[in-house]
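Listing of coords-v6.cif, mmCIF, C-alpha atoms
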data_data
#
loop_
_atom_site.label_atom_id
_atom_site.label_comp_id
_atom_site.auth_asym_id
_atom_site.auth_seq_id
_atom_site.Cartn_x
_atom_site.Cartn_y
_atom_site.Cartn_z
CA MET V 73 0.00 0.00 0.00
CA ASP V 74 1.34 3.40 -0.95
CA ALA V 75 2.07 6.11 1.54
CA LEU V 76 0.05 9.30 1.18
CA TYR V 77 1.35 12.82 1.51
CA VAL V 78 -1.38 14.93 3.16
CA TYR V 79 -1.71 18.65 2.30
CA GLY V 80 -4.76 19.56 4.31
CA TYR V 81 -8.48 19.14 4.82
CA MET V 82 -11.61 20.67 3.42
CA ARG V 83 -15.31 19.90 3.31
CA ALA V 84 -15.90 16.87 1.10
CA ALA V 85 -18.63 18.79 -0.73
CA ASP V 86 -16.13 21.55 -1.60
CA ALA V 87 -13.27 19.34 -2.75
CA PRO V 88 -12.62 19.96 -6.44
CA PRO V 89 -12.28 16.93 -8.72
CA GLU V 90 -9.05 18.22 -10.21
CA LEU V 91 -6.26 19.98 -8.36
CA GLY V 92 -3.32 19.65 -10.70
CA GLY V 93 0.12 18.41 -9.72
CA GLY V 94 1.39 18.06 -6.20
CA VAL V 95 4.54 16.92 -4.46
CA GLY V 96 6.95 14.45 -5.98
CA GLU V 97 9.14 14.25 -9.05
CA PRO V 98 7.37 14.28 -11.42
CA PRO V 99 4.49 15.95 -9.54
CA GLY V 100 1.93 13.40 -8.40
CA ALA V 101 -1.82 13.71 -8.79
CA VAL V 102 -3.71 15.34 -5.94
CA VAL V 103 -6.86 13.51 -4.94
CA ALA V 104 -9.46 13.93 -2.23
CA VAL V 105 -10.05 11.11 0.25
CA ALA V 106 -13.47 11.76 1.75
CA GLU V 107 -14.70 10.35 5.03
CA GLY V 108 -18.03 11.66 6.20
CA GLU V 109 -18.19 15.38 5.61
CA ILE V 110 -14.46 16.03 5.54
CA ALA V 111 -11.94 15.22 2.83
CA ALA V 112 -8.17 15.04 2.97
CA LEU V 113 -6.17 16.22 -0.04
CA VAL V 114 -3.44 13.69 -0.68
CA THR V 115 -0.84 12.50 -3.17
CA GLU V 116 0.60 8.99 -3.35
CA VAL V 117 4.29 8.97 -2.59
CA GLY V 118 6.78 6.17 -2.72
CA ASP V 119 8.45 4.48 0.20
CA ALA V 120 11.25 7.02 0.17
CA GLY V 121 8.75 9.77 1.05
CA ILE V 122 9.62 13.22 -0.20
CA ALA V 123 12.56 15.50 0.37
CA PRO V 124 12.31 18.97 1.93
CA ARG V 125 13.10 20.61 -1.37
CA ARG V 126 11.98 23.75 -3.07
CA ALA V 127 9.60 22.07 -5.51
CA ASN V 128 7.83 20.15 -2.76
CA LEU V 129 7.45 23.15 -0.46
CA MET V 130 6.03 25.16 -3.32
CA ALA V 131 3.70 22.30 -4.27
CA HIS V 132 2.37 22.08 -0.71
CA ALA V 133 1.51 25.78 -0.70
CA ASP V 134 0.20 25.79 -4.28
CA VAL V 135 -2.16 22.84 -3.85
CA LEU V 136 -3.71 24.39 -0.75
CA ARG V 137 -4.08 27.76 -2.42
CA ARG V 138 -5.78 26.22 -5.45
CA ALA V 139 -8.11 24.27 -3.17
CA LEU V 140 -9.01 27.48 -1.36
CA GLU V 141 -10.81 28.66 -4.49
CA SER V 142 -13.44 25.99 -3.84
CA GLY V 143 -13.99 26.48 -0.12
CA PRO V 144 -12.31 26.80 3.27
CA VAL V 145 -9.12 24.81 3.70
CA LEU V 146 -7.28 23.63 6.81
CA PRO V 147 -3.57 23.40 5.95
CA LEU V 148 -1.44 20.72 7.51
CA LYS V 149 2.13 21.37 8.41
CA PHE V 150 4.50 20.61 5.54
CA GLY V 151 5.77 17.05 5.57
CA VAL V 152 2.98 14.86 6.92
CA ILE V 153 2.93 11.40 5.34
CA LEU V 154 0.52 8.67 6.41
CA PRO V 155 1.01 5.00 5.56
CA GLY V 156 -2.13 4.63 3.47
CA GLU V 157 -5.75 5.48 2.93
CA PRO V 158 -7.06 3.69 6.06
CA ALA V 159 -4.80 5.85 8.22
CA VAL V 160 -6.11 8.98 6.51
CA ARG V 161 -9.73 7.88 7.00
CA ASN V 162 -9.01 7.05 10.61
CA GLU V 163 -7.54 10.50 11.21
CA LEU V 164 -10.58 12.16 9.59
CA ASN V 165 -12.95 10.05 11.69
CA THR V 166 -11.15 10.69 14.93
CA ARG V 167 -11.07 14.43 14.47
CA ALA V 168 -14.31 14.93 12.54
CA ALA V 169 -15.97 17.24 15.06
CA GLU V 170 -12.88 19.35 15.63
CA LEU V 171 -12.21 19.74 11.91
CA ALA V 172 -15.80 20.64 11.14
CA ARG V 173 -15.70 23.30 13.85
CA LEU V 174 -12.48 24.75 12.46
CA LEU V 175 -13.84 24.81 8.93
CA ASP V 176 -16.89 26.70 10.16
CA ALA V 177 -14.74 29.15 12.08
CA LEU V 178 -12.55 29.82 9.06
CA GLN V 179 -15.35 30.14 6.52
CA ASP V 180 -14.70 33.24 4.42
CA ARG V 181 -11.58 34.09 6.37
CA LEU V 182 -8.27 34.29 4.57
CA GLU V 183 -4.69 34.88 5.53
CA MET V 184 -2.57 37.79 4.32
CA SER V 185 1.15 38.03 5.06
CA VAL V 186 2.79 41.36 5.69
CA SER V 187 6.49 41.94 6.07
CA ALA V 188 8.64 45.03 5.94
CA LEU V 189 12.37 45.62 5.73
CA TYR V 190 14.25 48.70 6.77
CA ARG V 191 16.13 50.25 3.88
CA GLU V 192 19.68 49.44 4.82
CA GLU V 193 21.44 52.74 4.39
CA VAL V 194 18.60 54.74 5.87
CA VAL V 195 18.36 52.70 9.04
CA LEU V 196 22.13 52.50 9.48
CA ARG V 197 22.48 56.27 9.13
CA GLU V 198 19.75 56.71 11.72
CA VAL V 199 21.57 54.33 14.04
CA LEU V 200 24.87 56.17 13.54
CA SER V 201 23.43 59.59 14.13
CA GLU V 202 21.35 58.58 17.14
CA ASN V 203 23.95 56.47 18.94
CA PRO V 204 27.29 58.09 19.76
CA ALA V 205 28.64 54.73 20.92
CA VAL V 206 28.02 53.25 17.49
CA ALA V 207 29.71 56.16 15.76
CA ASP V 208 32.70 55.78 18.11
CA ALA V 209 32.92 52.09 17.39
CA GLN V 210 32.73 52.77 13.69
CA ARG V 211 35.64 55.23 13.85
CA GLY V 212 37.57 52.62 15.81
CA ILE V 213 37.68 50.21 12.89
CA GLN V 214 37.93 52.70 10.07
CA GLY V 215 40.89 52.11 7.81
CA ARG V 216 42.15 49.24 9.89
CA PRO V 217 42.49 45.70 8.59
CA GLU V 218 39.67 43.30 9.26
CA ALA V 219 41.86 40.74 10.98
CA ALA V 220 43.14 43.30 13.49
CA THR V 221 39.66 44.51 14.40
CA HIS V 222 37.63 41.31 14.46
CA PHE V 223 36.31 41.71 17.98
CA GLN V 224 35.74 45.43 17.60
CA ARG V 225 33.69 44.61 14.53
CA ILE V 226 31.61 42.11 16.43
CA ARG V 227 31.06 44.70 19.16
CA LEU V 228 30.13 47.35 16.60
CA GLY V 229 27.72 44.98 14.89
CA GLU V 230 26.17 44.03 18.21
CA LEU V 231 25.57 47.69 19.05
CA VAL V 232 23.98 48.20 15.65
CA ALA V 233 21.81 45.11 16.10
CA GLN V 234 20.63 46.36 19.49
CA ALA V 235 19.79 49.76 18.06
CA VAL V 236 17.91 48.16 15.16
CA GLU V 237 16.07 45.92 17.60
CA ALA V 238 14.88 48.95 19.57
CA LYS V 239 13.66 50.55 16.37
CA ARG V 240 12.00 47.30 15.34
CA GLU V 241 10.00 47.19 18.57
CA ALA V 242 8.74 50.73 18.19
CA ASP V 243 8.11 50.71 14.45
CA GLY V 244 6.84 47.14 14.26
CA GLY V 245 4.45 47.70 17.16
CA ALA V 246 2.98 50.76 15.52
CA ILE V 247 2.48 48.95 12.22
CA LEU V 248 0.78 46.00 13.90
CA ARG V 249 -1.57 48.28 15.83
CA GLU V 250 -2.65 50.04 12.66
CA LEU V 251 -3.22 46.87 10.67
CA GLU V 252 -4.82 44.64 13.29
CA ALA V 253 -7.77 47.00 13.43
CA HIS V 254 -8.77 45.54 10.06
CA ALA V 255 -8.17 41.87 10.94
CA VAL V 256 -9.92 39.11 12.84
CA ALA V 257 -6.62 37.93 14.28
CA VAL V 258 -2.90 38.46 13.90
CA ALA V 259 -0.02 36.03 14.34
CA THR V 260 3.44 37.52 14.54
CA ASP V 261 6.59 35.70 13.57
CA ALA V 262 10.20 36.26 14.43
CA PRO V 263 12.02 38.46 11.94
CA MET V 264 13.45 36.42 9.09
CA HIS V 265 16.07 39.00 8.28
CA GLU V 266 18.13 41.28 10.49
CA ARG V 267 16.54 44.35 8.94
CA MET V 268 12.99 43.03 9.14
CA VAL V 269 10.68 45.44 10.92
CA VAL V 270 7.59 43.31 11.01
CA ASN V 271 6.68 39.79 9.93
CA ALA V 272 3.07 38.88 10.56
CA ALA V 273 0.08 36.99 9.23
CA PHE V 274 -3.39 38.50 9.44
CA LEU V 275 -6.67 36.65 9.32
CA ILE V 276 -9.06 38.73 7.24
CA GLU V 277 -12.76 38.46 6.49
CA ARG V 278 -13.20 37.96 2.76
CA ASP V 279 -15.30 41.10 2.41
CA LYS V 280 -12.62 43.13 4.22
CA LEU V 281 -9.78 42.17 1.90
CA GLU V 282 -9.92 45.45 0.02
CA GLU V 283 -10.08 47.43 3.21
CA PHE V 284 -7.03 45.60 4.51
CA ASP V 285 -5.17 46.15 1.25
CA SER V 286 -5.88 49.88 1.47
CA ALA V 287 -4.63 49.94 5.05
CA VAL V 288 -1.37 48.25 4.04
CA GLU V 289 -1.03 50.66 1.13
CA ARG V 290 -1.44 53.63 3.45
CA VAL V 291 0.84 52.26 6.17
CA SER V 292 3.58 51.44 3.68
CA ARG V 293 3.31 54.71 1.78
CA GLU V 294 3.70 56.68 5.00
CA ARG V 295 6.88 54.76 5.71
CA ALA V 296 8.24 54.67 2.18
CA PRO V 297 11.48 56.54 2.87
CA ARG V 298 12.52 54.08 5.57
CA MET V 299 10.98 50.73 4.70
CA GLN V 300 9.87 48.44 1.93
CA PHE V 301 6.78 46.34 2.46
CA LYS V 302 5.63 43.09 1.00
CA LEU V 303 2.01 41.93 1.04
CA LEU V 304 1.25 38.34 0.02
CA GLY V 305 -2.04 36.53 -0.23
CA PRO V 306 -4.75 35.71 0.18
CA HIS V 307 -3.74 32.21 1.12
CA PRO V 308 -5.15 29.51 3.39
CA PRO V 309 -4.94 30.22 7.12
CA HIS V 310 -1.62 28.44 7.75
CA SER V 311 -0.95 30.54 10.84
CA PHE V 312 -4.42 30.20 12.33
CA VAL V 313 -5.11 26.48 12.56
CA GLY V 314 -2.21 25.31 14.72
CA ALA V 315 -3.63 26.31 18.07
CA ALA V 316 -6.68 24.12 17.66
CA MET G 322 3.85 37.29 -9.69
CA ALA G 323 4.48 40.09 -7.31
CA VAL G 324 3.89 43.63 -8.43
CA ALA G 325 5.71 46.57 -6.95
CA THR G 326 3.98 49.83 -6.28
CA GLN G 327 6.06 52.80 -7.34
CA GLY G 328 5.95 55.97 -5.33
CA SER G 329 7.92 59.13 -4.94
CA ALA G 330 10.32 57.28 -2.67
CA GLY G 331 10.76 54.32 -4.94
CA ASN G 332 9.27 50.92 -4.43
CA TYR G 333 7.57 50.76 -1.09
CA LEU G 334 5.01 48.00 -1.46
CA GLN G 335 5.32 44.76 -3.31
CA ARG G 336 2.13 42.75 -3.69
CA GLY G 337 1.63 39.21 -4.81
CA PRO G 338 -1.24 36.76 -4.71
CA SER G 339 1.15 33.97 -3.92
CA PRO G 340 4.66 33.43 -2.70
CA SER G 341 6.86 33.40 -5.76
CA GLY G 342 10.11 32.44 -4.15
CA LEU G 343 11.41 29.97 -1.66
CA ALA G 344 12.06 32.53 1.05
CA ASP G 345 8.44 33.66 0.91
CA VAL G 346 6.99 30.20 0.90
CA LEU G 347 9.15 29.16 3.83
CA ASN G 348 7.98 32.16 5.77
CA ILE G 349 4.34 31.41 5.05
CA ILE G 350 4.17 27.66 5.59
CA LEU G 351 7.16 26.52 7.58
CA ASP G 352 6.31 25.28 11.02
CA LYS G 353 2.66 26.25 10.56
CA GLY G 354 -0.49 24.23 10.11
CA LEU G 355 -2.29 21.34 11.70
CA VAL G 356 -0.32 18.34 12.79
CA ILE G 357 -1.22 14.73 13.21
CA ASP G 358 -0.72 13.32 16.67
CA VAL G 359 1.55 10.60 15.51
CA TYR G 360 3.60 11.30 12.44
CA VAL G 361 3.71 7.81 11.07
CA ARG G 362 6.38 8.61 8.60
CA VAL G 363 7.94 11.99 8.09
CA SER G 364 11.10 12.35 6.14
CA LEU G 365 11.95 15.92 6.87
CA VAL G 366 14.86 15.99 9.23
CA GLY G 367 16.17 19.25 7.81
CA ILE G 368 13.05 21.27 8.36
CA GLU G 369 13.12 21.49 12.13
CA LEU G 370 16.72 22.54 12.00
CA LEU G 371 16.01 25.18 9.43
CA THR G 372 13.27 26.61 11.58
CA ILE G 373 15.48 26.77 14.60
CA ASP G 374 18.35 28.30 12.66
CA ALA G 375 16.00 30.84 11.19
CA ARG G 376 14.98 32.12 14.58
CA ILE G 377 18.33 32.52 16.22
CA VAL G 378 20.34 34.05 13.45
CA VAL G 379 19.23 37.61 14.00
CA ALA G 380 21.31 37.71 17.18
CA SER G 381 24.35 35.91 15.84
CA VAL G 382 27.96 36.86 15.32
CA ASP G 383 27.39 36.51 11.58
CA THR G 384 24.72 39.16 11.76
CA TYR G 385 26.97 41.43 13.83
CA LEU G 386 29.77 41.12 11.31
CA ARG G 387 27.42 41.88 8.45
CA PHE G 388 26.12 44.98 10.21
CA ALA G 389 29.66 46.08 11.01
CA GLU G 390 30.72 45.67 7.40
CA ALA G 391 27.67 47.56 6.18
CA VAL G 392 28.35 50.43 8.56
CA ASN G 393 32.01 50.45 7.66
CA ARG G 394 31.26 50.53 3.96
CA MET G 395 28.76 53.31 4.35
CA ASP G 396 31.24 55.97 5.33
CA LEU G 397 32.90 55.74 1.95
CA ALA G 398 29.77 57.13 0.36
CA GLN G 399 28.91 59.71 2.95
CA THR G 400 28.11 62.33 0.37
CA GLY G 401 24.61 61.01 0.00
CA ASN G 402 21.50 62.45 1.49
CA ALA G 403 19.02 60.09 3.08
CA GLN G 404 16.15 61.52 1.08
CA THR G 405 17.67 60.47 -2.19
CA LEU G 406 18.85 57.11 -1.03
CA PRO G 407 15.76 55.13 -1.88
CA GLU G 408 16.65 55.58 -5.50
CA LEU G 409 19.74 53.55 -4.86
CA PHE G 410 17.71 50.66 -3.60
CA GLU G 411 16.50 47.99 -5.79
CA ASP G 412 13.47 46.00 -5.05
CA MET G 413 13.85 44.80 -1.51
CA ASN G 414 14.31 41.25 -2.50
CA LYS G 415 16.67 41.90 -5.29
CA GLY G 416 18.87 43.95 -3.00
CA GLY G 417 20.82 40.89 -1.98
CA ALA G 418 22.35 40.76 -5.41
CA LYS G 419 24.25 43.93 -4.65
CA GLY G 420 26.25 42.30 -1.94
CA LYS G 421 24.24 43.86 0.80
CA THR G 422 23.75 42.02 4.02
CA LYS G 423 22.63 38.58 3.17
CA GLY G 424 19.35 37.61 4.72
CA MET G 425 19.39 34.69 7.01
CA LEU G 426 16.92 32.74 4.99
CA GLU G 427 19.25 32.67 2.07
CA GLY G 428 21.93 31.34 4.38
CA ALA G 429 19.69 28.77 5.96
CA LYS G 430 18.42 27.79 2.57
CA GLU G 431 21.87 26.89 1.34
CA LYS G 432 22.22 24.74 4.35
CA VAL G 433 19.08 22.74 3.93
CA PHE G 434 18.54 22.76 0.24
CA GLY G 435 22.09 22.41 -0.83
CA ASP G 436 23.41 23.78 -4.07
CA ASP G 437 21.85 21.16 -6.27
CA ASP G 438 18.38 22.54 -5.91
CA ASP G 439 18.72 25.74 -7.81
CA GLU G 440 16.61 24.97 -10.79
CA ASP G 441 13.93 27.59 -11.06
CA GLU G 442 15.84 30.22 -9.15
CA ASP G 443 13.85 32.60 -7.04
CA GLU G 444 13.44 35.70 -9.02
CA ASP G 445 12.50 37.62 -5.96
CA SER G 446 14.88 36.56 -3.28
CA GLY G 447 18.46 37.52 -3.56
CA GLN G 448 20.13 34.29 -4.36
CA SER G 449 23.57 33.90 -3.09
CA SER G 450 25.82 32.65 -5.76
CA GLY G 451 26.26 28.98 -5.20
CA SER G 452 28.69 28.85 -2.39
CA GLY G 453 29.61 25.37 -3.39
CA SER G 454 29.73 24.27 0.17
CA GLY G 455 26.06 23.42 -0.05
CA SER G 456 26.22 21.45 3.10
CA ARG G 457 23.03 19.60 3.71
CA ALA G 458 21.33 20.02 6.98
CA ARG G 459 23.06 18.36 9.82
CA SER G 460 21.55 14.96 9.93
CA THR G 461 21.51 14.76 13.66
CA ALA G 462 18.18 16.32 14.38
CA SER G 463 17.31 15.94 17.99
CA GLY G 464 13.65 16.08 18.69
CA SER G 465 14.31 17.85 21.94
CA ARG G 466 15.39 20.96 20.09
CA SER G 467 12.13 21.61 18.41
CA ARG G 468 10.58 24.83 19.31
CA ALA G 469 7.64 25.09 21.66
CA LYS G 470 4.37 25.03 19.85
CA LYS G 471 2.92 28.39 19.09
CA SER G 472 -0.15 29.10 21.16
#

Written as structure tokens, how would this file's structure read?
Amino acid sequence: MDALYVYGYMRAADAPPELGGGVGEPPGAVVAVAEGEIAALVTEVGDAGIAPRRANLMAHADVLRRALESGPVLPLKFGVILPGEPAVRNELNTRAAELARLLDALQDRLEMSVSALYREEVVLREVLSENPAVADAQRGIQGRPEAATHFQRIRLGELVAQAVEAKREADGGAILRELEAHAVAVATDAPMHERMVVNAAFLIERDKLEEFDSAVERVSRERAPRMQFKLLGPHPPHSFVGAA
Amino acid sequence: MAVATQGSAGNYLQRGPSPSGLADVLNIILDKGLVIDVYVRVSLVGIELLTIDARIVVASVDTYLRFAEAVNRMDLAQTGNAQTLPELFEDMNKGGAKGKTKGMLEGAKEKVFGDDDDEDEDEDSGQSSGSGSGSRARSTASGSRSRAKKS
């Protein structure tokens, strides 16, 4: 019996007959395994499973996003493989009530991801002009060979990182406060880059998507000289199913 | 495909219906989603490590050295005025190509995905040139290191 890679769940009535290619090389077919009112979206995979590679990560996200066009979707964490269809059906049976509740709660609610990066030179000039200790440390290494100033460089970088962190708290907090007014919920993530100001997922009512987009537009435009924003979505509520 | 909004200060908002690069997709899906109580078979040793690496790097010596180098380099071009600087910036995710501080995800990515997985390069995340080292994730994942579940 073949192992099944599981992308996520949706209502059996919503599951589309055709979802294109999924994980695997070449991409395997995505099919719905329905048990009662819930269906799991799965792809047969060989005994070797799948590797944590770019194509498979993208496929996981893509399949769930395509499914979202047909109804609410509960994403699984990347990488779940069950030994066969009986195990999938058993999982759906065991958790039927919980999954149905979650699907109801997430009906017409979508996730949008917002991140922002400080513009490097702008934020570093701010840090230099606002922190005499950083400027001193910078002069201390100027014109001197890297090897001779290794620990001074680490110290300088640490001071810069602390200054950026303080800015991140103030700026990121303000951004979150402005945007969460338009969201059902917000889930913040650790910065994925040392100049990242904010990295958050917002759960948005479908009919508030435009309102949220306008809010991000306004927030980012106001901060254009200092930051660059990225707004991705809508996608399934990856960040809002884990706590269940 | 992401679309950048142009303004008087250059690109300030990039929109996209879907993640178009690996860095984005990692940020959106990694370590998120429902789990099954017993993972019967999961072949993803590298992923937990990547997640952990991703969250500690911001306070690492590597980061400090990158900041120090960036600050050091800056003085050479001190003629600039902050108001005109945005013009010097490329799209935020193409910036890496200019040898600016390398984001941690790119670093972590090399570690887990190796250098043999660069077909279909991200067009929107500054790819480091194949460092060649391409070390795969350490294969000694210890379950005890996994991060506490988000509440």

Discussion item. Running the PyMOL selection byres ((chain G and resi 333) around 6) on this model by hand, what would come out? Give it as an NGL selection string.
Written reply: (:V and (296 or 300-301)) or (:G and (332 or 334))

Worksheet entry | Within 12 Å of V:Gly143 using all atoms listed in the file, minus same-chain residues under 3 positions, as a ChimeraX atom specification | /V:81-88,110-111,136-140,146,175-176,178-182,278,307-308

Item to complete: To one decimal in Å, tell me the separation between atom CA of V:Ala168 and atom CA of V:Pro144.
Response: 15.2 Å

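When atom CA of V:Met299 is paired with atom CA of V:Val256, their separation reads 25.3 Å.
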
Item to complete: Go ahead and compute the interatomic distance for atom CA of V:Ser311 and atom CA of V:Leu248, in Å to one decimal.
Response: 15.9 Å
